[in-house]
Every structure is written in C-alpha cells, then in structure tokens.
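S.K.: Next comes the structure file model_16.cif, holding mmCIF, C-alpha atoms.
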```cif
data_run
loop_
_atom_site.label_atom_id
_atom_site.label_comp_id
_atom_site.auth_asym_id
_atom_site.auth_seq_id
_atom_site.Cartn_x
_atom_site.Cartn_y
_atom_site.Cartn_z
CA MET M 15 -38.57 23.53 46.30
CA THR M 16 -36.54 24.92 49.16
CA LYS M 17 -32.83 25.24 49.78
CA ARG M 18 -33.05 22.01 51.80
CA GLY M 19 -34.88 20.05 49.12
CA THR M 20 -38.36 18.84 48.33
CA LEU M 21 -40.65 16.45 50.16
CA PRO M 22 -44.08 15.24 49.11
CA ASP M 23 -47.16 17.13 50.31
CA LYS M 24 -48.98 14.03 51.48
CA ILE M 25 -47.12 11.53 53.59
CA ASP M 26 -48.39 8.36 55.21
CA HIS M 27 -46.76 7.27 58.45
CA LEU M 28 -45.99 3.65 59.17
CA GLU M 29 -46.32 2.63 62.78
CA PRO M 30 -45.63 -0.96 63.82
CA LYS M 31 -48.33 -2.51 66.00
CA VAL M 32 -45.62 -3.88 68.24
CA ARG M 33 -42.35 -2.11 68.95
CA HIS M 34 -39.24 -4.29 69.03
CA GLY M 35 -35.68 -3.42 69.93
CA LEU M 36 -33.67 -5.09 67.18
CA VAL M 37 -30.23 -6.61 67.13
CA VAL M 38 -28.70 -5.73 63.77
CA VAL M 39 -25.34 -7.05 62.55
CA ILE M 40 -23.60 -5.51 59.54
CA THR M 41 -20.59 -7.60 58.58
CA GLY M 42 -18.56 -8.57 55.50
CA ASN M 43 -15.44 -7.34 53.71
CA GLY M 44 -17.00 -4.59 51.62
CA LYS M 45 -17.39 -0.84 51.99
CA GLY M 46 -20.56 0.27 53.79
CA LYS M 47 -20.72 -1.18 57.31
CA THR M 48 -19.86 1.80 59.50
CA THR M 49 -21.63 4.13 57.09
CA SER M 50 -24.77 1.99 57.32
CA ALA M 51 -24.68 2.27 61.11
CA LEU M 52 -24.20 6.03 60.82
CA GLY M 53 -27.18 6.17 58.47
CA MET M 54 -29.29 4.34 61.05
CA ALA M 55 -28.16 6.89 63.64
CA LEU M 56 -29.28 9.71 61.33
CA ARG M 57 -32.59 7.98 60.67
CA ALA M 58 -33.10 7.29 64.38
CA CYS M 59 -32.48 10.96 65.14
CA GLY M 60 -35.26 11.82 62.73
CA HIS M 61 -37.58 9.75 64.90
CA GLY M 62 -36.34 11.48 68.05
CA LEU M 63 -34.47 8.44 69.35
CA ARG M 64 -31.38 8.89 71.50
CA VAL M 65 -28.28 7.25 70.05
CA CYS M 66 -24.91 6.26 71.49
CA ILE M 67 -22.08 5.18 69.18
CA ILE M 68 -18.94 3.51 70.50
CA GLN M 69 -16.17 3.02 67.95
CA PHE M 70 -13.98 0.10 68.99
CA MET M 71 -11.22 0.48 66.40
CA LYS M 72 -11.25 4.14 65.46
CA GLY M 73 -9.49 6.90 67.32
CA ASP M 74 -6.07 7.44 65.81
CA LEU M 75 -7.08 8.84 62.44
CA TYR M 76 -9.60 11.59 61.86
CA ALA M 77 -12.99 10.39 60.67
CA GLY M 78 -15.49 12.73 59.02
CA GLU M 79 -18.39 11.32 61.01
CA TRP M 80 -17.02 12.95 64.16
CA ASP M 81 -17.71 16.43 62.85
CA GLY M 82 -20.80 15.28 60.98
CA ILE M 83 -22.31 14.14 64.26
CA LYS M 84 -21.29 17.33 66.06
CA ARG M 85 -23.33 19.20 63.45
CA MET M 86 -26.48 17.20 64.16
CA GLN M 87 -29.02 18.88 66.42
CA CYS M 88 -29.88 15.48 67.89
CA PRO M 89 -29.26 13.57 71.11
CA ILE M 90 -26.41 11.55 69.65
CA GLU M 91 -23.25 10.69 71.52
CA LEU M 92 -20.05 9.32 69.99
CA HIS M 93 -17.06 7.75 71.70
CA ALA M 94 -14.01 6.91 69.59
CA THR M 95 -12.18 4.69 72.04
CA GLY M 96 -9.91 2.74 69.71
CA LYS M 97 -6.32 3.16 68.66
CA GLY M 98 -6.76 2.24 65.03
CA PHE M 99 -6.79 -1.16 63.44
CA CYS M 100 -4.78 -3.60 65.50
CA GLY M 101 -2.14 -5.46 63.55
CA ILE M 102 -2.31 -3.47 60.31
CA MET M 103 0.83 -2.02 58.84
CA GLY M 104 1.81 1.28 60.35
CA ASN M 105 -0.22 0.93 63.53
CA PRO M 106 2.31 1.49 66.32
CA TYR M 107 0.42 0.19 69.38
CA PRO M 108 1.10 -3.24 70.91
CA PHE M 109 -1.69 -5.82 71.22
CA SER M 110 -1.93 -5.28 75.00
CA GLU M 111 -2.74 -1.61 74.51
CA HIS M 112 -5.40 -2.39 71.90
CA ARG M 113 -6.86 -5.00 74.24
CA ASP M 114 -6.91 -2.63 77.24
CA ASN M 115 -8.67 -0.04 75.11
CA ALA M 116 -11.24 -2.49 73.83
CA GLN M 117 -11.88 -3.73 77.37
CA ASP M 118 -12.59 -0.15 78.46
CA ALA M 119 -14.94 0.14 75.48
CA VAL M 120 -16.84 -2.97 76.62
CA ASP M 121 -17.25 -1.43 80.08
CA LEU M 122 -18.50 1.78 78.48
CA ALA M 123 -20.91 -0.16 76.24
CA ARG M 124 -22.32 -2.04 79.24
CA GLU M 125 -22.80 1.22 81.11
CA LYS M 126 -24.53 2.89 78.16
CA ILE M 127 -26.77 -0.10 77.43
CA ASP M 128 -27.76 -0.42 81.10
CA SER M 129 -28.37 3.30 81.55
CA GLY M 130 -31.68 3.18 79.71
CA SER M 131 -30.76 6.55 78.21
CA TYR M 132 -30.45 5.37 74.59
CA GLU M 133 -32.96 3.79 72.26
CA MET M 134 -30.10 2.85 69.90
CA VAL M 135 -26.58 1.76 70.78
CA ILE M 136 -24.07 1.24 67.97
CA LEU M 137 -20.95 -0.83 68.65
CA ASP M 138 -18.87 0.02 65.61
CA GLU M 139 -16.22 -2.54 64.58
CA ILE M 140 -16.92 -4.72 67.62
CA ASN M 141 -17.01 -7.78 65.34
CA ASN M 142 -13.39 -7.15 64.33
CA ALA M 143 -12.46 -6.52 67.95
CA LEU M 144 -13.84 -9.96 68.82
CA LYS M 145 -12.10 -11.64 65.87
CA LEU M 146 -8.80 -10.03 66.95
CA LYS M 147 -9.34 -11.22 70.54
CA LEU M 148 -9.44 -7.67 71.89
CA VAL M 149 -12.76 -8.61 73.47
CA ASP M 150 -14.16 -12.05 74.32
CA LEU M 151 -17.18 -13.79 72.86
CA GLU M 152 -18.83 -14.02 76.28
CA GLN M 153 -18.51 -10.24 76.71
CA VAL M 154 -20.24 -9.51 73.41
CA LEU M 155 -22.97 -12.08 74.05
CA ASP M 156 -23.53 -10.46 77.44
CA LEU M 157 -23.96 -7.03 75.81
CA VAL M 158 -26.50 -8.44 73.36
CA ARG M 159 -28.44 -10.26 76.08
CA ARG M 160 -28.62 -7.31 78.46
CA LYS M 161 -29.97 -4.79 75.95
CA GLY M 162 -33.43 -3.43 76.71
CA ALA M 163 -36.50 -4.91 75.02
CA LEU M 164 -37.10 -1.68 73.09
CA GLN M 165 -33.45 -0.83 72.58
CA HIS M 166 -31.80 -1.32 69.19
CA LEU M 167 -28.27 -2.71 69.27
CA ILE M 168 -26.19 -2.43 66.08
CA LEU M 169 -22.93 -4.38 65.77
CA THR M 170 -20.66 -3.70 62.81
CA GLY M 171 -17.38 -5.05 61.49
CA ARG M 172 -16.11 -7.89 59.41
CA ASP M 173 -15.98 -11.51 60.55
CA ALA M 174 -19.06 -11.42 62.79
CA HIS M 175 -19.07 -14.43 65.10
CA PRO M 176 -21.67 -17.15 64.30
CA GLU M 177 -23.10 -16.99 67.83
CA ILE M 178 -23.70 -13.25 67.47
CA ILE M 179 -25.36 -13.82 64.09
CA GLU M 180 -27.51 -16.48 65.73
CA LEU M 181 -28.78 -14.00 68.35
CA ALA M 182 -29.39 -11.18 65.86
CA ASP M 183 -32.70 -10.27 64.20
CA THR M 184 -31.30 -8.71 61.03
CA VAL M 185 -27.90 -9.55 59.57
CA SER M 186 -26.36 -8.21 56.37
CA GLU M 187 -23.08 -9.21 54.79
CA VAL M 188 -21.51 -6.38 52.79
CA ARG M 189 -19.43 -8.07 50.08
CA GLU M 190 -16.74 -6.27 48.17
CA ILE M 191 -17.40 -6.48 44.43
CA LYS M 192 -14.70 -3.92 43.74
CA HIS M 193 -12.93 -1.18 45.67
CA ALA M 194 -11.15 1.97 44.51
CA TYR M 195 -8.06 1.18 46.57
CA ARG M 196 -7.34 -1.77 44.28
CA LYS M 197 -6.81 0.82 41.53
CA ASP M 198 -4.36 2.56 43.90
CA ILE M 199 -6.84 5.32 44.67
CA GLU M 200 -6.16 6.46 48.24
CA PRO M 201 -9.03 6.79 50.74
CA GLN M 202 -11.09 9.85 49.88
CA PRO M 203 -12.61 12.16 52.51
CA GLY M 204 -16.40 11.92 52.73
CA VAL M 205 -16.60 8.48 51.15
CA ASP M 206 -13.90 6.43 52.87
CA TYR M 207 -13.35 8.35 56.14
CA MET R 13 -16.13 13.06 78.60
CA THR R 14 -18.80 15.44 77.42
CA LYS R 15 -22.49 15.09 76.80
CA ARG R 16 -21.66 14.52 73.12
CA GLY R 17 -19.06 11.82 73.77
CA THR R 18 -15.31 11.40 73.85
CA LEU R 19 -12.71 11.80 71.14
CA PRO R 20 -8.97 11.18 71.38
CA ASP R 21 -6.69 14.10 72.26
CA LYS R 22 -4.27 13.43 69.45
CA ILE R 23 -5.62 12.81 65.99
CA ASP R 24 -3.76 12.28 62.75
CA HIS R 25 -5.41 13.49 59.56
CA LEU R 26 -5.24 11.46 56.38
CA GLU R 27 -5.08 13.49 53.21
CA PRO R 28 -4.90 11.75 49.86
CA LYS R 29 -2.15 13.02 47.57
CA VAL R 30 -4.64 13.02 44.72
CA ARG R 31 -8.33 13.80 45.11
CA HIS R 32 -10.75 11.63 43.16
CA GLY R 33 -14.48 11.90 42.75
CA LEU R 34 -15.63 8.33 43.19
CA VAL R 35 -18.53 6.40 41.72
CA VAL R 36 -19.83 4.15 44.49
CA VAL R 37 -22.55 1.53 43.97
CA ILE R 38 -24.29 -0.10 46.95
CA THR R 39 -26.48 -2.94 45.76
CA GLY R 40 -27.82 -6.32 46.94
CA ASN R 41 -30.93 -7.63 48.68
CA GLY R 42 -29.93 -6.96 52.28
CA LYS R 43 -30.60 -4.17 54.75
CA GLY R 44 -28.07 -1.34 54.70
CA LYS R 45 -27.93 0.28 51.26
CA THR R 46 -29.79 3.56 51.79
CA THR R 47 -28.43 3.80 55.34
CA SER R 48 -24.89 3.42 53.99
CA ALA R 49 -25.49 6.30 51.58
CA LEU R 50 -26.93 8.38 54.42
CA GLY R 51 -23.84 7.58 56.49
CA MET R 52 -21.63 8.81 53.66
CA ALA R 53 -23.69 12.02 53.58
CA LEU R 54 -23.10 12.47 57.31
CA ARG R 55 -19.38 11.75 56.91
CA ALA R 56 -19.15 14.12 53.92
CA CYS R 57 -20.80 16.85 55.98
CA GLY R 58 -18.09 16.40 58.58
CA HIS R 59 -15.57 17.25 55.87
CA GLY R 60 -17.59 20.29 54.82
CA LEU R 61 -18.72 18.80 51.51
CA ARG R 62 -22.04 19.80 49.99
CA VAL R 63 -24.40 16.89 49.45
CA CYS R 64 -27.53 16.40 47.36
CA ILE R 65 -29.69 13.29 47.84
CA ILE R 66 -32.40 12.32 45.36
CA GLN R 67 -34.62 9.44 46.46
CA PHE R 68 -36.07 7.72 43.39
CA MET R 69 -38.52 5.39 45.11
CA LYS R 70 -39.36 7.09 48.39
CA GLY R 71 -41.99 9.72 48.89
CA ASP R 72 -45.23 8.07 49.89
CA LEU R 73 -44.24 6.81 53.34
CA TYR R 74 -42.50 8.85 56.02
CA ALA R 75 -38.78 8.10 56.36
CA GLY R 76 -36.82 9.09 59.48
CA GLU R 77 -33.91 10.38 57.44
CA TRP R 78 -36.01 13.33 56.29
CA ASP R 79 -36.13 14.81 59.77
CA GLY R 80 -32.64 13.54 60.58
CA ILE R 81 -31.27 15.58 57.69
CA LYS R 82 -33.31 18.64 58.64
CA ARG R 83 -31.53 18.51 62.00
CA MET R 84 -28.08 18.58 60.44
CA GLN R 85 -26.34 21.95 60.39
CA CYS R 86 -24.81 21.05 57.05
CA PRO R 87 -25.26 21.98 53.41
CA ILE R 88 -27.29 18.87 52.60
CA GLU R 89 -30.31 18.82 50.34
CA LEU R 90 -32.83 16.00 50.03
CA HIS R 91 -35.46 15.40 47.37
CA ALA R 92 -37.92 12.56 47.86
CA THR R 93 -39.36 12.40 44.39
CA GLY R 94 -40.75 8.87 44.31
CA LYS R 95 -44.19 7.42 44.90
CA GLY R 96 -43.11 4.35 46.81
CA PHE R 97 -41.98 1.02 45.44
CA CYS R 98 -43.51 0.41 42.03
CA GLY R 99 -45.31 -2.89 41.75
CA ILE R 100 -45.31 -3.90 45.40
CA MET R 101 -48.55 -4.85 47.08
CA GLY R 102 -50.53 -1.89 48.31
CA ASN R 103 -48.85 0.71 46.10
CA PRO R 104 -51.75 2.41 44.28
CA TYR R 105 -49.94 4.25 41.49
CA PRO R 106 -49.84 2.96 37.90
CA PHE R 107 -46.54 2.28 36.15
CA SER R 108 -46.86 5.38 33.98
CA GLU R 109 -47.01 7.62 37.03
CA HIS R 110 -43.96 5.95 38.59
CA ARG R 111 -42.13 6.33 35.28
CA ASP R 112 -43.06 10.02 34.93
CA ASN R 113 -41.82 10.64 38.45
CA ALA R 114 -38.56 8.81 37.88
CA GLN R 115 -38.03 10.72 34.63
CA ASP R 116 -38.43 13.99 36.54
CA ALA R 117 -35.91 12.68 39.07
CA VAL R 118 -33.40 11.99 36.28
CA ASP R 119 -33.82 15.58 35.05
CA LEU R 120 -33.29 16.82 38.61
CA ALA R 121 -30.21 14.61 39.02
CA ARG R 122 -28.71 15.92 35.78
CA GLU R 123 -29.33 19.50 36.88
CA LYS R 124 -27.77 18.90 40.32
CA ILE R 125 -24.74 17.05 38.93
CA ASP R 126 -24.14 19.73 36.30
CA SER R 127 -24.60 22.63 38.72
CA GLY R 128 -21.18 22.11 40.30
CA SER R 129 -22.78 22.95 43.65
CA TYR R 130 -22.36 19.51 45.25
CA GLU R 131 -19.26 17.49 45.99
CA MET R 132 -21.47 14.43 46.61
CA VAL R 133 -24.66 13.44 44.81
CA ILE R 134 -26.60 10.41 46.07
CA LEU R 135 -29.11 8.73 43.74
CA ASP R 136 -30.98 6.55 46.21
CA GLU R 137 -32.70 3.45 44.77
CA ILE R 138 -31.82 4.43 41.20
CA ASN R 139 -30.66 0.85 40.58
CA ASN R 140 -34.18 -0.44 41.30
CA ALA R 141 -35.66 2.33 39.16
CA LEU R 142 -33.52 1.10 36.26
CA LYS R 143 -34.39 -2.55 36.87
CA LEU R 144 -38.10 -1.61 36.90
CA LYS R 145 -37.68 0.35 33.63
CA LEU R 146 -38.69 3.62 35.28
CA VAL R 147 -35.44 5.02 33.92
CA ASP R 148 -33.29 3.79 31.02
CA LEU R 149 -29.75 2.43 31.11
CA GLU R 150 -28.51 5.17 28.79
CA GLN R 151 -29.88 7.82 31.18
CA VAL R 152 -28.03 6.39 34.17
CA LEU R 153 -24.82 5.91 32.20
CA ASP R 154 -25.10 9.54 31.10
CA LEU R 155 -25.42 10.70 34.74
CA VAL R 156 -22.33 8.69 35.70
CA ARG R 157 -20.31 9.99 32.76
CA ARG R 158 -21.20 13.65 33.26
CA LYS R 159 -20.27 13.83 36.94
CA GLY R 160 -17.42 16.17 37.80
CA ALA R 161 -13.89 14.81 38.25
CA LEU R 162 -13.94 15.65 41.97
CA GLN R 163 -17.61 14.88 42.51
CA HIS R 164 -18.66 11.69 44.29
CA LEU R 165 -21.68 9.92 42.84
CA ILE R 166 -23.39 7.27 44.98
CA LEU R 167 -25.94 4.92 43.41
CA THR R 168 -27.96 2.61 45.66
CA GLY R 169 -30.59 -0.06 45.23
CA ARG R 170 -30.80 -3.73 44.46
CA ASP R 171 -30.09 -5.27 41.05
CA ALA R 172 -27.43 -2.78 39.94
CA HIS R 173 -26.88 -3.06 36.20
CA PRO R 174 -23.59 -4.69 35.11
CA GLU R 175 -22.68 -1.69 32.95
CA ILE R 176 -23.05 0.63 35.95
CA ILE R 177 -20.92 -1.73 38.05
CA GLU R 178 -18.34 -1.69 35.27
CA LEU R 179 -18.09 2.13 35.40
CA ALA R 180 -17.96 2.32 39.23
CA ASP R 181 -14.84 2.59 41.39
CA THR R 182 -16.23 0.96 44.52
CA VAL R 183 -19.10 -1.53 44.54
CA SER R 184 -20.56 -3.39 47.51
CA GLU R 185 -23.24 -6.03 47.49
CA VAL R 186 -25.26 -6.08 50.71
CA ARG R 187 -26.49 -9.66 51.11
CA GLU R 188 -29.32 -10.59 53.40
CA ILE R 189 -28.19 -13.23 55.88
CA LYS R 190 -31.38 -12.81 57.88
CA HIS R 191 -34.03 -10.12 58.33
CA ALA R 192 -36.42 -9.42 61.20
CA TYR R 193 -39.43 -9.27 58.86
CA ARG R 194 -39.06 -12.99 58.22
CA LYS R 195 -39.93 -13.45 61.91
CA ASP R 196 -43.01 -11.27 61.26
CA ILE R 197 -41.47 -8.28 62.99
CA GLU R 198 -42.83 -5.17 61.28
CA PRO R 199 -40.47 -2.39 60.12
CA GLN R 200 -39.20 -0.51 63.16
CA PRO R 201 -38.66 3.27 63.19
CA GLY R 202 -35.03 4.28 63.31
CA VAL R 203 -33.73 0.99 61.94
CA ASP R 204 -35.97 0.20 58.98
CA TYR R 205 -37.38 3.62 58.03
#
```
Could you express the structure from this file as structure tokens?

M.R.:
Amino acid sequence: MTKRGTLPDKIDHLEPKVRHGLVVVITGNGKGKTTSALGMALRACGHGLRVCIIQFMKGDLYAGEWDGIKRMQCPIELHATGKGFCGIMGNPYPFSEHRDNAQDAVDLAREKIDSGSYEMVILDEINNALKLKLVDLEQVLDLVRRKGALQHLILTGRDAHPEIIELADTVSEVREIKHAYRKDIEPQPGVDY
Amino acid sequence: MTKRGTLPDKIDHLEPKVRHGLVVVITGNGKGKTTSALGMALRACGHGLRVCIIQFMKGDLYAGEWDGIKRMQCPIELHATGKGFCGIMGNPYPFSEHRDNAQDAVDLAREKIDSGSYEMVILDEINNALKLKLVDLEQVLDLVRRKGALQHLILTGRDAHPEIIELADTVSEVREIKHAYRKDIEPQPGVDY
C-alpha cells in the first residue's frame, strides 16, 4: 500500500477491436451530470486522450473543478464561458447577454471540434442552453454532426432535446430521488460546486 | 486565452453558512455513476479536500481513472480492491473470493472513514456489492453512521438499498435511455473505462 493507494498486481487491459468516437448525453434533473462529464475527462486523461471542456452556463460563481483541472498533469483545457444560469433568481444579466455568450461558446466549440486537437470535447450544460434558447437546435445538431469519427462528444444538462438524444450513442437521465437542498442544506464545496 | 483554457476575470465565491458532510448515493442502471463520483473527487481536489476512493468491484480490468488520478497533484488516494463484477460472464473468481475481497474493502473503508484524514470518502460500486451479498446491510449502514459530521460519503452502484437511500442527503438515479453497447459498440477507453 502506498500513499496514493493500492492497485492489483495483475491487470488485464480491454481494447476494443474497433474504436468509435461516441456521442454521450447526460441529462435529467438530478445531481451528477457535470460531475459525470468531469469523471470522463479524468478517465480520458488516464488513457492519454486530450480533452476540451466548454462550460456554457458556468462562469459567474467559482467551481471547484476549475482548480481541480489545473492540478491535473494532463492535456485538458477548460473554458468557463457562461454568466451563470439564465433566468434564475439573483442572476443579474439580461437574456441578450446570456445569448451572446452562448453564441460565442458555440463558435468556440466548433473551432475546438474542428481543430482535431481533442479526442474528447465536453459541452457542459449545452442542453440547458438549448432549452433556454441561448443556442439553436440547428447549431447543436451541427456540432454533433461535424465531430470526428474517433472524437467523443459529451453533452450535459437537463432537458436534452429529443433530436440530440436521437443522434447520441449513449444517453443517461439522472433523476433526482432526493437532494440536500430540499432540507435547506446549502450547496457544499466539493460535492455541489 | 491560455493553453489550459479561459476563466472569467471576476468570480464570486459561494460559501455555505453551515458546513455539512453529505451522504450522496448515485444509483441506477445507466452510464455515469462511477464517473460522477470521480468528478466529485476532482471538484473536491479543487477545494483542497482530501479524498479516498475504494472501488469494491474493480481490480481485474484496467480502468483509465487509475492513471488519471495518478496525474492529479492532489491528496487523492485510490484502492481498487475488487476482482471484477461477481457473477458476470467471464469472471473466473468464485463467490467466496469476491466476498472475502469485499469484506476486506469494508474493513479498509471503516479504517479510512475513522482516520479523520479524508474530507471525502467514495465507496464505488458498494451498492452492487450489497445487492450481491458480498457485504451486509448492517455493515454499510455502520459505515454511513460512523462518518464524520463534516465528511462527505459517496456511495455508487446500481440497486441501492432503500435503507441506505433513507439515510442519504442526496440521491440520484442514473437511468439508461440508450447505451452504445446495445448497438454492439464495445466499451471505449476514456468514456466507458
């Protein structure tokens, strides 16, 4: 046992006969969508894949993943382009500003997908951005269609559009069974942000 | 814009008035449970929390998160104590060996929880281990009850027991809407392992 843990002595390695770049959608109203995408980024880094994360809604409030990612010795890039959750209480920015931001994020996503420099691109909360009309369905479909054959594209956020689900290979719906905030427990660092 | 991405110039920091150590359960049959726990580990590291992950079912097949975590400059410890998924086709170990392993993992979990050295302890796939009778309900309830007041305990895996759900603060069920393997796409590195 070492300071960093224990791993088995003998390990078999899976290797798919055919490599696929997957479209993965993580949607639903429960806790665990962004964190699942972050976990895929961590896993991908273990395999030496290059990852780009674009956060469509985050950018006004500190999120622990920003420093977590800085501490990873991996080719992982993160852009927090948002201005917080459009329309929720306390968010001071008008719709037009949220929309302009999200449109810039779409341009950035297109550039990153087309660059061929990333084996995994994560578009965090893009499903919400579409639902809120900050981006258009045709724009998101275009991003999905232009991804490389061996490139993984991960789209998170509640209310995923049926046409995006239709195009995806793997789709999970994270359902809230219960959540601490309903007991008036405020968001806790490390778990919730 | 840097090589590592872009973050906003002005960031507000949330800080809960009261700190809580949460019990979080991520269950269900869909993709995204272990990755969500890994994402919480990454987020927790960003906040400077110390994390211990014990994987109850993994240990026979290479998982990308092992190297991903090695590449994190964070106090994060990972133990892959399992021998693969008990009872699934191709797994060569008898039930008694899986059970002995899982019992060792419970002892390790108790030791790590009691040590006070970790603000977050992740028991990956412990829900399955309970369902498969590799560990007992009373053992898992004991782990939940003995956690520190400010310690987060994350329990993943399908078929979470109702009594564990009852004790938890936040519970998500990850439902499979679709999965690439149903199109005969083999598990892909970075996404699936």

S.K.: Near chain M, meaning an atom within 6 Å, which residues of chain R appear when counting only C-alpha atoms? Write them as JSON, numbers by chain.

M.R.: {"R": [16, 17, 18, 19, 20, 23, 24, 25, 28, 42, 44, 47, 48, 50, 51, 52, 54, 55, 56, 57, 58, 59, 71, 72, 73, 74, 76, 77, 79, 80, 83, 84, 85, 89, 90, 91, 92, 181, 182, 183, 184, 185, 186, 187, 188, 189, 190, 191, 192, 198, 202, 203]}

S.K.: Exactly which residues make up the result of the PyMOL selection byres ((chain R and resi 149-158) around 12) on this file, given as an MDAnalysis selection string?

M.R.: chainID R and resid 33:37 114:128 133:135 137:148 159:167 172:181

S.K.: What would the file look like if the residues just selected were written as a compact mmCIF listing (two decimals), in the coordinates of the input with C-alpha atoms?

M.R.:
```
# COMPACT_ATOMS: atom_id res chain seq x y z
CA GLY R 33 -14.48 11.90 42.75
CA LEU R 34 -15.63 8.33 43.19
CA VAL R 35 -18.53 6.40 41.72
CA VAL R 36 -19.83 4.15 44.49
CA VAL R 37 -22.55 1.53 43.97
CA ALA R 114 -38.56 8.81 37.88
CA GLN R 115 -38.03 10.72 34.63
CA ASP R 116 -38.43 13.99 36.54
CA ALA R 117 -35.91 12.68 39.07
CA VAL R 118 -33.40 11.99 36.28
CA ASP R 119 -33.82 15.58 35.05
CA LEU R 120 -33.29 16.82 38.61
CA ALA R 121 -30.21 14.61 39.02
CA ARG R 122 -28.71 15.92 35.78
CA GLU R 123 -29.33 19.50 36.88
CA LYS R 124 -27.77 18.90 40.32
CA ILE R 125 -24.74 17.05 38.93
CA ASP R 126 -24.14 19.73 36.30
CA SER R 127 -24.60 22.63 38.72
CA GLY R 128 -21.18 22.11 40.30
CA VAL R 133 -24.66 13.44 44.81
CA ILE R 134 -26.60 10.41 46.07
CA LEU R 135 -29.11 8.73 43.74
CA GLU R 137 -32.70 3.45 44.77
CA ILE R 138 -31.82 4.43 41.20
CA ASN R 139 -30.66 0.85 40.58
CA ASN R 140 -34.18 -0.44 41.30
CA ALA R 141 -35.66 2.33 39.16
CA LEU R 142 -33.52 1.10 36.26
CA LYS R 143 -34.39 -2.55 36.87
CA LEU R 144 -38.10 -1.61 36.90
CA LYS R 145 -37.68 0.35 33.63
CA LEU R 146 -38.69 3.62 35.28
CA VAL R 147 -35.44 5.02 33.92
CA ASP R 148 -33.29 3.79 31.02
CA LYS R 159 -20.27 13.83 36.94
CA GLY R 160 -17.42 16.17 37.80
CA ALA R 161 -13.89 14.81 38.25
CA LEU R 162 -13.94 15.65 41.97
CA GLN R 163 -17.61 14.88 42.51
CA HIS R 164 -18.66 11.69 44.29
CA LEU R 165 -21.68 9.92 42.84
CA ILE R 166 -23.39 7.27 44.98
CA LEU R 167 -25.94 4.92 43.41
CA ALA R 172 -27.43 -2.78 39.94
CA HIS R 173 -26.88 -3.06 36.20
CA PRO R 174 -23.59 -4.69 35.11
CA GLU R 175 -22.68 -1.69 32.95
CA ILE R 176 -23.05 0.63 35.95
CA ILE R 177 -20.92 -1.73 38.05
CA GLU R 178 -18.34 -1.69 35.27
CA LEU R 179 -18.09 2.13 35.40
CA ALA R 180 -17.96 2.32 39.23
CA ASP R 181 -14.84 2.59 41.39
```

S.K.: Have a look at CA of Arg62 in chain R and CA of Tyr130 in chain R and let me know their distance in Å, one decimal.

M.R.: 4.8 Å

S.K.: If I take CA of Arg170 in chain R and CA of Asp198 in chain M, how far is one from the other in Å, to one decimal?

M.R.: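 Here the two named atoms are 27.2 Å from each other.
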
S.K.: Can you tell me how far CA of Asp114 in chain M sits from CA of Gly101 in chain M, in Å to one decimal?

M.R.: 14.8 Å

S.K.: Can you give me all heavy atoms for range 62-67 of chain M, written as a PDB file, in the frame of the given file?

M.R.:
```pdb
ATOM      1  N   GLY M  62     -36.477  10.998  66.674  1.00  0.00           N
ATOM      2  CA  GLY M  62     -36.340  11.480  68.050  1.00  0.00           C
ATOM      3  C   GLY M  62     -35.717  10.475  69.004  1.00  0.00           C
ATOM      4  O   GLY M  62     -35.800  10.642  70.230  1.00  0.00           O
ATOM      5  N   LEU M  63     -35.108   9.427  68.475  1.00  0.00           N
ATOM      6  CA  LEU M  63     -34.470   8.440  69.350  1.00  0.00           C
ATOM      7  C   LEU M  63     -33.088   8.959  69.808  1.00  0.00           C
ATOM      8  O   LEU M  63     -32.430   9.698  69.084  1.00  0.00           O
ATOM      9  CB  LEU M  63     -34.282   7.102  68.620  1.00  0.00           C
ATOM     10  CG  LEU M  63     -35.518   6.489  67.953  1.00  0.00           C
ATOM     11  CD1 LEU M  63     -35.181   5.118  67.355  1.00  0.00           C
ATOM     12  CD2 LEU M  63     -36.676   6.354  68.932  1.00  0.00           C
ATOM     13  N   ARG M  64     -32.705   8.521  70.986  1.00  0.00           N
ATOM     14  CA  ARG M  64     -31.380   8.890  71.500  1.00  0.00           C
ATOM     15  C   ARG M  64     -30.387   7.781  71.132  1.00  0.00           C
ATOM     16  O   ARG M  64     -30.669   6.597  71.319  1.00  0.00           O
ATOM     17  CB  ARG M  64     -31.442   9.066  73.024  1.00  0.00           C
ATOM     18  CG  ARG M  64     -32.371  10.212  73.450  1.00  0.00           C
ATOM     19  CD  ARG M  64     -32.719  10.103  74.915  1.00  0.00           C
ATOM     20  NE  ARG M  64     -33.480   8.877  75.194  1.00  0.00           N
ATOM     21  CZ  ARG M  64     -33.852   8.470  76.397  1.00  0.00           C
ATOM     22  NH1 ARG M  64     -33.535   9.207  77.470  1.00  0.00           N
ATOM     23  NH2 ARG M  64     -34.534   7.363  76.558  1.00  0.00           N
ATOM     24  N   VAL M  65     -29.241   8.196  70.628  1.00  0.00           N
ATOM     25  CA  VAL M  65     -28.280   7.250  70.050  1.00  0.00           C
ATOM     26  C   VAL M  65     -26.926   7.389  70.731  1.00  0.00           C
ATOM     27  O   VAL M  65     -26.476   8.509  70.994  1.00  0.00           O
ATOM     28  CB  VAL M  65     -28.104   7.504  68.528  1.00  0.00           C
ATOM     29  CG1 VAL M  65     -27.116   6.523  67.917  1.00  0.00           C
ATOM     30  CG2 VAL M  65     -29.450   7.446  67.802  1.00  0.00           C
ATOM     31  N   CYS M  66     -26.295   6.264  71.017  1.00  0.00           N
ATOM     32  CA  CYS M  66     -24.910   6.260  71.490  1.00  0.00           C
ATOM     33  C   CYS M  66     -24.073   5.370  70.568  1.00  0.00           C
ATOM     34  O   CYS M  66     -24.441   4.230  70.316  1.00  0.00           O
ATOM     35  CB  CYS M  66     -24.829   5.738  72.922  1.00  0.00           C
ATOM     36  SG  CYS M  66     -23.150   5.714  73.566  1.00  0.00           S
ATOM     37  N   ILE M  67     -22.992   5.916  70.066  1.00  0.00           N
ATOM     38  CA  ILE M  67     -22.080   5.180  69.180  1.00  0.00           C
ATOM     39  C   ILE M  67     -20.749   4.997  69.896  1.00  0.00           C
ATOM     40  O   ILE M  67     -20.170   5.968  70.386  1.00  0.00           O
ATOM     41  CB  ILE M  67     -21.821   5.958  67.872  1.00  0.00           C
ATOM     42  CG1 ILE M  67     -23.138   6.293  67.155  1.00  0.00           C
ATOM     43  CG2 ILE M  67     -20.881   5.173  66.944  1.00  0.00           C
ATOM     44  CD1 ILE M  67     -22.959   7.214  65.938  1.00  0.00           C
TER      45      ILE M  67
END
```
